[in-house]
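Source file coords04.cif; content: mmCIF, C-alpha atoms.
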data_structure
loop_
_atom_site.group_PDB
_atom_site.id
_atom_site.type_symbol
_atom_site.label_atom_id
_atom_site.label_comp_id
_atom_site.auth_asym_id
_atom_site.auth_seq_id
_atom_site.Cartn_x
_atom_site.Cartn_y
_atom_site.Cartn_z
ATOM 1 C CA MET A 112 28.113 97.993 37.819
ATOM 2 C CA LEU A 113 30.594 98.197 34.924
ATOM 3 C CA ASN A 114 29.984 101.870 34.123
ATOM 4 C CA PRO A 115 32.883 103.228 36.240
ATOM 5 C CA LEU A 116 35.383 101.178 34.216
ATOM 6 C CA PRO A 117 37.288 102.890 31.399
ATOM 7 C CA LYS A 118 35.525 102.501 28.035
ATOM 8 C CA LYS A 119 38.417 100.487 26.579
ATOM 9 C CA ILE A 120 38.159 97.851 29.348
ATOM 10 C CA LEU A 121 34.356 97.900 29.281
ATOM 11 C CA LYS A 122 34.369 97.216 25.519
ATOM 12 C CA ARG A 123 36.830 94.330 25.932
ATOM 13 C CA LEU A 124 34.773 92.761 28.749
ATOM 14 C CA SER A 125 31.486 93.077 26.883
ATOM 15 C CA SER A 126 32.974 91.444 23.792
ATOM 16 C CA TYR A 127 33.684 88.224 25.714
ATOM 17 C CA HIS A 128 31.044 88.051 28.460
ATOM 18 C CA ILE A 129 27.281 87.910 28.123
ATOM 19 C CA SER A 130 25.343 90.906 29.378
ATOM 20 C CA PRO A 131 22.020 89.593 30.714
ATOM 21 C CA MET A 132 20.099 92.734 29.751
ATOM 22 C CA MET A 133 21.519 92.808 26.214
ATOM 23 C CA MET A 134 20.617 89.148 25.687
ATOM 24 C CA LEU A 135 17.100 89.699 26.973
ATOM 25 C CA ASP A 136 16.644 92.670 24.641
ATOM 26 C CA GLU A 137 16.913 90.201 21.754
ATOM 27 C CA LEU A 138 14.149 88.050 23.268
ATOM 28 C CA ASP A 139 11.461 90.711 23.396
ATOM 29 C CA LEU A 140 10.370 89.921 26.960
ATOM 30 C CA ARG A 141 7.305 91.889 27.999
ATOM 31 C CA ALA A 142 5.678 92.988 31.214
ATOM 32 C CA GLY A 143 3.560 90.118 32.469
ATOM 33 C CA ASP A 144 5.575 87.295 30.896
ATOM 34 C CA HIS A 145 6.226 84.121 32.892
ATOM 35 C CA VAL A 146 9.845 83.000 32.531
ATOM 36 C CA LEU A 147 11.785 79.966 33.738
ATOM 37 C CA GLU A 148 15.587 79.986 33.920
ATOM 38 C CA ILE A 149 17.525 76.745 34.313
ATOM 39 C CA GLY A 150 21.274 76.484 34.126
ATOM 40 C CA LEU A 151 24.629 77.720 35.281
ATOM 41 C CA PRO A 152 25.440 80.077 36.757
ATOM 42 C CA VAL A 153 22.196 79.695 38.709
ATOM 43 C CA GLY A 154 19.982 82.763 38.327
ATOM 44 C CA PHE A 155 22.421 84.632 36.083
ATOM 45 C CA PHE A 156 19.581 86.248 34.116
ATOM 46 C CA ALA A 157 17.067 86.513 36.984
ATOM 47 C CA PRO A 158 17.643 90.164 38.026
ATOM 48 C CA ALA A 159 17.387 91.344 34.404
ATOM 49 C CA ILE A 160 14.322 89.151 33.783
ATOM 50 C CA LEU A 161 12.604 90.609 36.852
ATOM 51 C CA GLU A 162 13.196 94.086 35.464
ATOM 52 C CA LYS A 163 11.817 93.142 32.040
ATOM 53 C CA VAL A 164 8.655 91.328 33.151
ATOM 54 C CA THR A 165 7.906 93.857 35.914
ATOM 55 C CA LYS A 166 5.677 92.991 38.863
ATOM 56 C CA LYS A 167 3.046 91.751 36.431
ATOM 57 C CA GLY A 168 5.170 88.747 35.417
ATOM 58 C CA LEU A 169 6.622 85.731 37.195
ATOM 59 C CA VAL A 170 10.234 84.572 37.262
ATOM 60 C CA TYR A 171 11.217 81.028 38.210
ATOM 61 C CA VAL A 172 14.779 79.803 38.672
ATOM 62 C CA ALA A 173 15.423 76.075 38.940
ATOM 63 C CA ALA A 174 18.570 74.333 40.181
ATOM 64 C CA PRO A 175 19.551 70.806 41.230
ATOM 65 C CA ASN A 176 19.494 71.580 44.970
ATOM 66 C CA GLU A 177 18.627 74.147 47.647
ATOM 67 C CA GLU A 178 22.273 75.010 48.247
ATOM 68 C CA MET A 179 22.636 76.292 44.693
ATOM 69 C CA LEU A 180 19.408 78.287 45.012
ATOM 70 C CA SER A 181 20.557 79.896 48.270
ATOM 71 C CA ILE A 182 22.766 82.293 46.320
ATOM 72 C CA LEU A 183 19.560 83.976 45.114
ATOM 73 C CA ARG A 184 18.393 85.074 48.581
ATOM 74 C CA HIS A 185 18.924 88.706 47.578
ATOM 75 C CA LEU A 186 16.022 88.361 45.102
ATOM 76 C CA SER A 187 13.566 86.810 47.562
ATOM 77 C CA HIS A 188 11.981 90.180 48.373
ATOM 78 C CA HIS A 189 10.407 90.221 44.904
ATOM 79 C CA SER A 190 6.844 88.929 45.203
ATOM 80 C CA ASN A 191 7.012 87.577 41.646
ATOM 81 C CA PHE A 192 10.217 85.549 42.116
ATOM 82 C CA ARG A 193 10.170 81.780 42.729
ATOM 83 C CA THR A 194 12.830 79.095 43.054
ATOM 84 C CA ALA A 195 12.496 75.369 42.492
ATOM 85 C CA ILE A 196 14.503 72.182 42.655
ATOM 86 C CA ILE A 197 14.655 70.652 39.169
ATOM 87 C CA ASP A 198 13.146 67.345 40.364
ATOM 88 C CA GLN A 199 10.140 69.209 41.821
ATOM 89 C CA LEU A 200 9.773 71.118 38.578
ATOM 90 C CA ILE A 201 9.845 67.994 36.421
ATOM 91 C CA ASN A 202 7.328 66.279 38.687
ATOM 92 C CA GLY A 203 4.817 69.118 38.256
ATOM 93 C CA LYS A 204 4.962 70.534 41.768
ATOM 94 C CA VAL A 205 5.940 74.122 40.957
ATOM 95 C CA ILE A 206 4.563 75.519 37.710
ATOM 96 C CA MET A 207 1.110 75.191 36.146
ATOM 97 C CA GLU A 208 0.961 73.522 32.725
ATOM 98 C CA SER A 209 0.850 75.842 29.704
ATOM 99 C CA SER A 210 1.827 78.889 31.759
ATOM 100 C CA LEU A 211 5.351 79.820 30.586
ATOM 101 C CA ASP A 212 6.161 82.343 27.874
ATOM 102 C CA VAL A 213 9.932 81.810 27.849
ATOM 103 C CA VAL A 214 12.355 79.154 29.113
ATOM 104 C CA ILE A 215 16.045 80.012 29.215
ATOM 105 C CA PHE A 216 18.538 77.147 29.408
ATOM 106 C CA THR A 217 22.111 78.241 30.142
ATOM 107 C CA ASN A 218 25.131 75.954 29.848
ATOM 108 C CA ILE A 219 23.090 72.759 30.283
ATOM 109 C CA LEU A 220 24.499 70.735 27.396
ATOM 110 C CA SER A 221 27.877 70.226 29.064
ATOM 111 C CA LYS A 222 26.367 69.626 32.531
ATOM 112 C CA SER A 223 23.201 67.609 31.972
ATOM 113 C CA VAL A 224 23.241 63.860 31.472
ATOM 114 C CA SER A 225 20.135 64.095 29.296
ATOM 115 C CA PRO A 226 19.375 67.668 28.168
ATOM 116 C CA ASP A 227 16.829 66.456 25.584
ATOM 117 C CA SER A 228 14.817 64.739 28.350
ATOM 118 C CA LEU A 229 15.002 67.884 30.475
ATOM 119 C CA ALA A 230 13.756 69.977 27.554
ATOM 120 C CA LYS A 231 10.921 67.515 26.801
ATOM 121 C CA SER A 232 9.823 67.417 30.449
ATOM 122 C CA ILE A 233 9.661 71.224 30.574
ATOM 123 C CA SER A 234 7.603 71.474 27.360
ATOM 124 C CA LYS A 235 4.312 70.759 29.162
ATOM 125 C CA TYR A 236 4.693 74.099 30.966
ATOM 126 C CA LEU A 237 5.004 76.094 27.743
ATOM 127 C CA LYS A 238 2.283 78.068 26.049
ATOM 128 C CA PRO A 239 1.966 77.291 22.311
ATOM 129 C CA GLU A 240 3.727 80.531 21.321
ATOM 130 C CA SER A 241 6.537 80.167 23.883
ATOM 131 C CA GLN A 242 10.218 80.720 23.196
ATOM 132 C CA ILE A 243 12.867 78.247 24.315
ATOM 133 C CA VAL A 244 16.292 79.852 24.527
ATOM 134 C CA LEU A 245 19.512 77.864 24.712
ATOM 135 C CA ILE A 246 22.730 79.638 25.597
ATOM 136 C CA ASP A 247 25.703 77.325 25.793
ATOM 137 C CA TRP A 248 29.462 77.076 25.437
ATOM 138 C CA ASP A 249 30.798 77.494 21.923
ATOM 139 C CA THR A 250 33.096 74.807 20.544
ATOM 140 C CA LYS A 251 35.808 77.308 19.705
ATOM 141 C CA SER A 252 39.053 76.505 21.454
ATOM 142 C CA GLN A 253 38.929 78.522 24.669
ATOM 143 C CA LYS A 254 40.696 78.517 27.996
ATOM 144 C CA VAL A 255 37.481 78.975 29.988
ATOM 145 C CA GLY A 256 34.503 76.720 30.517
ATOM 146 C CA PRO A 257 34.136 72.967 30.220
ATOM 147 C CA GLU A 258 36.519 70.667 28.368
ATOM 148 C CA MET A 259 36.107 70.759 24.600
ATOM 149 C CA GLY A 260 34.775 67.175 24.584
ATOM 150 C CA GLN A 261 31.897 68.191 26.878
ATOM 151 C CA ARG A 262 30.665 70.980 24.619
ATOM 152 C CA ALA A 263 28.013 70.604 21.934
ATOM 153 C CA SER A 264 28.295 72.553 18.705
ATOM 154 C CA ARG A 265 25.482 74.798 17.513
ATOM 155 C CA GLU A 266 24.534 72.184 14.942
ATOM 156 C CA GLU A 267 24.461 69.408 17.558
ATOM 157 C CA ALA A 268 22.309 71.579 19.845
ATOM 158 C CA ILE A 269 19.856 72.289 17.034
ATOM 159 C CA ARG A 270 19.599 68.547 16.217
ATOM 160 C CA LEU A 271 19.147 67.706 19.907
ATOM 161 C CA PHE A 272 16.334 70.223 20.479
ATOM 162 C CA LYS A 273 14.634 69.369 17.180
ATOM 163 C CA GLY A 274 14.734 65.734 18.276
ATOM 164 C CA ALA A 275 13.043 66.772 21.528
ATOM 165 C CA GLY A 276 10.151 68.240 19.523
ATOM 166 C CA PHE A 277 11.150 71.892 19.195
ATOM 167 C CA VAL A 278 11.381 74.032 16.055
ATOM 168 C CA PHE A 279 14.558 76.033 15.465
ATOM 169 C CA GLN A 280 13.754 79.751 15.021
ATOM 170 C CA ARG A 281 16.956 81.786 15.005
ATOM 171 C CA ILE A 282 20.462 82.425 16.283
ATOM 172 C CA LEU A 283 21.034 85.056 18.977
ATOM 173 C CA THR A 284 23.947 87.449 18.983
ATOM 174 C CA THR A 285 26.282 86.352 21.765
ATOM 175 C CA PRO A 286 29.761 87.542 22.613
ATOM 176 C CA GLY A 287 32.884 85.505 23.152
ATOM 177 C CA TYR A 288 32.532 82.009 24.491
ATOM 178 C CA HIS A 289 28.854 81.175 23.948
ATOM 179 C CA TYR A 290 26.218 80.729 21.288
ATOM 180 C CA GLY A 291 22.511 81.423 21.607
ATOM 181 C CA LEU A 292 19.630 79.642 19.880
ATOM 182 C CA VAL A 293 15.878 80.245 19.983
ATOM 183 C CA PHE A 294 13.332 77.464 19.509
ATOM 184 C CA SER A 295 9.556 77.188 19.738
ATOM 185 C CA LEU A 296 7.062 74.358 20.182
ATOM 186 C CA ARG A 297 5.865 72.516 17.095
#
Just dump the structure as structure tokens.
Amino acid sequence: MLNPLPKKILKRLSSYHISPMMMLDELDLRAGDHVLEIGLPVGFFAPAILEKVTKKGLVYVAAPNEEMLSILRHLSHHSNFRTAIIDQLINGKVIMESSLDVVIFTNILSKSVSPDSLAKSISKYLKPESQIVLIDWDTKSQKVGPEMGQRASREEAIRLFKGAGFVFQRILTTPGYHYGLVFSLR
């Protein structure tokens, strides 16, 4: 999609905006993996995840309501693509326990009333060796994204997820306005 742009503009864009495929390359997703994406923008990583996990894997995208999920209609032809309302997900109506390899949370810290509770409620769906990925707004002064007071620093995010029972693994390389963190189960 960005290939026709001049290299100078392409380089500037990629230095500030997350490329889903580049981020997923750092996560070592494999064919057959089961992945859940929750966050905003809804389904941002889904097309790239589908490519990585191939038809052998499963991709779930969860959102607060059907209206938000409707923007993903273009992916509904994939037999291994599922959508879910977050309440249904939390109540165990969508995913089998201990079946997920990776959960990707995007921009939830500034939008969720209780992100630690959300993370804890999702943990029952994770396999013991699962990765939990958090990509959220950096606390650098920026003109895009949520107000500075709504953002959580990297350190705050690490404390929050550790408090929810996860082990901090590493920092992901992210451009511009976001940071990326990888956790695992204890």
Residues of segment 192-255 of chain A that approach segment 133-151 of chain A to 8 Å or less, counting only C-alpha atoms: could you list each one with the shortest pair of atoms and its distance in Å to one decimal, rows by chain and increasing residue number, as a Markdown table?
| residue | atom | partner | partner_atom | distance |
| --- | --- | --- | --- | --- |
| A:Ser210 | CA | A:His145 | CA | 6.9 |
| A:Leu211 | CA | A:His145 | CA | 5.0 |
| A:Asp212 | CA | A:His145 | CA | 5.3 |
| A:Val213 | CA | A:Val146 | CA | 4.8 |
| A:Val214 | CA | A:Leu147 | CA | 4.7 |
| A:Ile215 | CA | A:Glu148 | CA | 4.7 |
| A:Phe216 | CA | A:Ile149 | CA | 5.0 |
| A:Thr217 | CA | A:Gly150 | CA | 4.4 |
| A:Asn218 | CA | A:Leu151 | CA | 5.7 |
| A:Ile219 | CA | A:Gly150 | CA | 5.7 |
How about saving the chosen residues, C-alpha atoms kept, as a PDB file, in the coordinates of the input?
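What landed in part_25.pdb:
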ATOM      1  CA  SER A 210       1.827  78.889  31.759  1.00  0.00           C
ATOM      2  CA  LEU A 211       5.351  79.820  30.586  1.00  0.00           C
ATOM      3  CA  ASP A 212       6.161  82.343  27.874  1.00  0.00           C
ATOM      4  CA  VAL A 213       9.932  81.810  27.849  1.00  0.00           C
ATOM      5  CA  VAL A 214      12.355  79.154  29.113  1.00  0.00           C
ATOM      6  CA  ILE A 215      16.045  80.012  29.215  1.00  0.00           C
ATOM      7  CA  PHE A 216      18.538  77.147  29.408  1.00  0.00           C
ATOM      8  CA  THR A 217      22.111  78.241  30.142  1.00  0.00           C
ATOM      9  CA  ASN A 218      25.131  75.954  29.848  1.00  0.00           C
ATOM     10  CA  ILE A 219      23.090  72.759  30.283  1.00  0.00           C
TER      11      ILE A 219
END
Item to complete: Would you kindly return, as a ChimeraX atom specification, each protein, DNA or RNA residue with an atom no farther than 8 Å from any atom of segment 252-266 of chain A, considering all atoms listed in the file and excluding same-chain residues fewer than 4 positions away?
Response: /A:220-221,248,270,288,290,292
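The spacing separating atom CA of Gln280 of chain A from atom CA of Ser130 of chain A amounts to 21.6 Å.
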Worksheet entry | Nearest residue to Ala157 of chain A from the set A:Leu283, A:Met132, A:Leu229, A:Met179 (distances using all atoms listed in the file) | A:Met132
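Comparing A:Pro239, A:Pro226, A:Pro158, A:Gly291 by their smallest distance to Val172 of chain A, the closest is A:Pro158 (using only C-alpha atoms).
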Discussion item. Restricting the calculation to all atoms listed in the file: of A:Ala174, A:Val244, A:Leu186, A:Leu296, which residue gets closest to Leu200 of chain A?
Written reply: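 Closest residue, counting all atoms listed in the file: A:Ala174.
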Would you place a box with edges along x, y and z of the file around all atoms of segment 154-166 of chain A listed there, add 3 Å to each of its six sides, and report the centre and edge lengths in Å to one decimal, as AutoDock Vina command-line options?
--center_x 14.0 --center_y 88.4 --center_z 35.5 --size_x 22.7 --size_y 17.3 --size_z 12.8
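Take the candidates A:Ile196, A:Ala230, A:Lys273, A:Ile282 and check each one against Glu178 of chain A using all atoms listed in the file; the shortest distance goes to A:Ile196.
One distance worth recording is that between atom CA of Gly203 of chain A and atom CA of Leu245 of chain A, which is 21.8 Å.
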Fill in: Counting all atoms listed in the file, the option among A:Ser181, A:Ser241, A:Ser234, A:Ser225 closest to Ile206 of chain A
A:Ser234
Discussion item. Counting all atoms listed in the file, which residue out of A:Glu162, A:Asp227, A:Glu177, A:Asp247 sits closest to Gly276 of chain A?
Written reply: A:Asp227
Worksheet entry | Atomic distance atom CA of Asp198 of chain A - atom CA of Lys167 of chain A, expressed in Å with one decimal |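 Interatomic distance, atom CA of Asp198 of chain A to atom CA of Lys167 of chain A: 26.7 Å.
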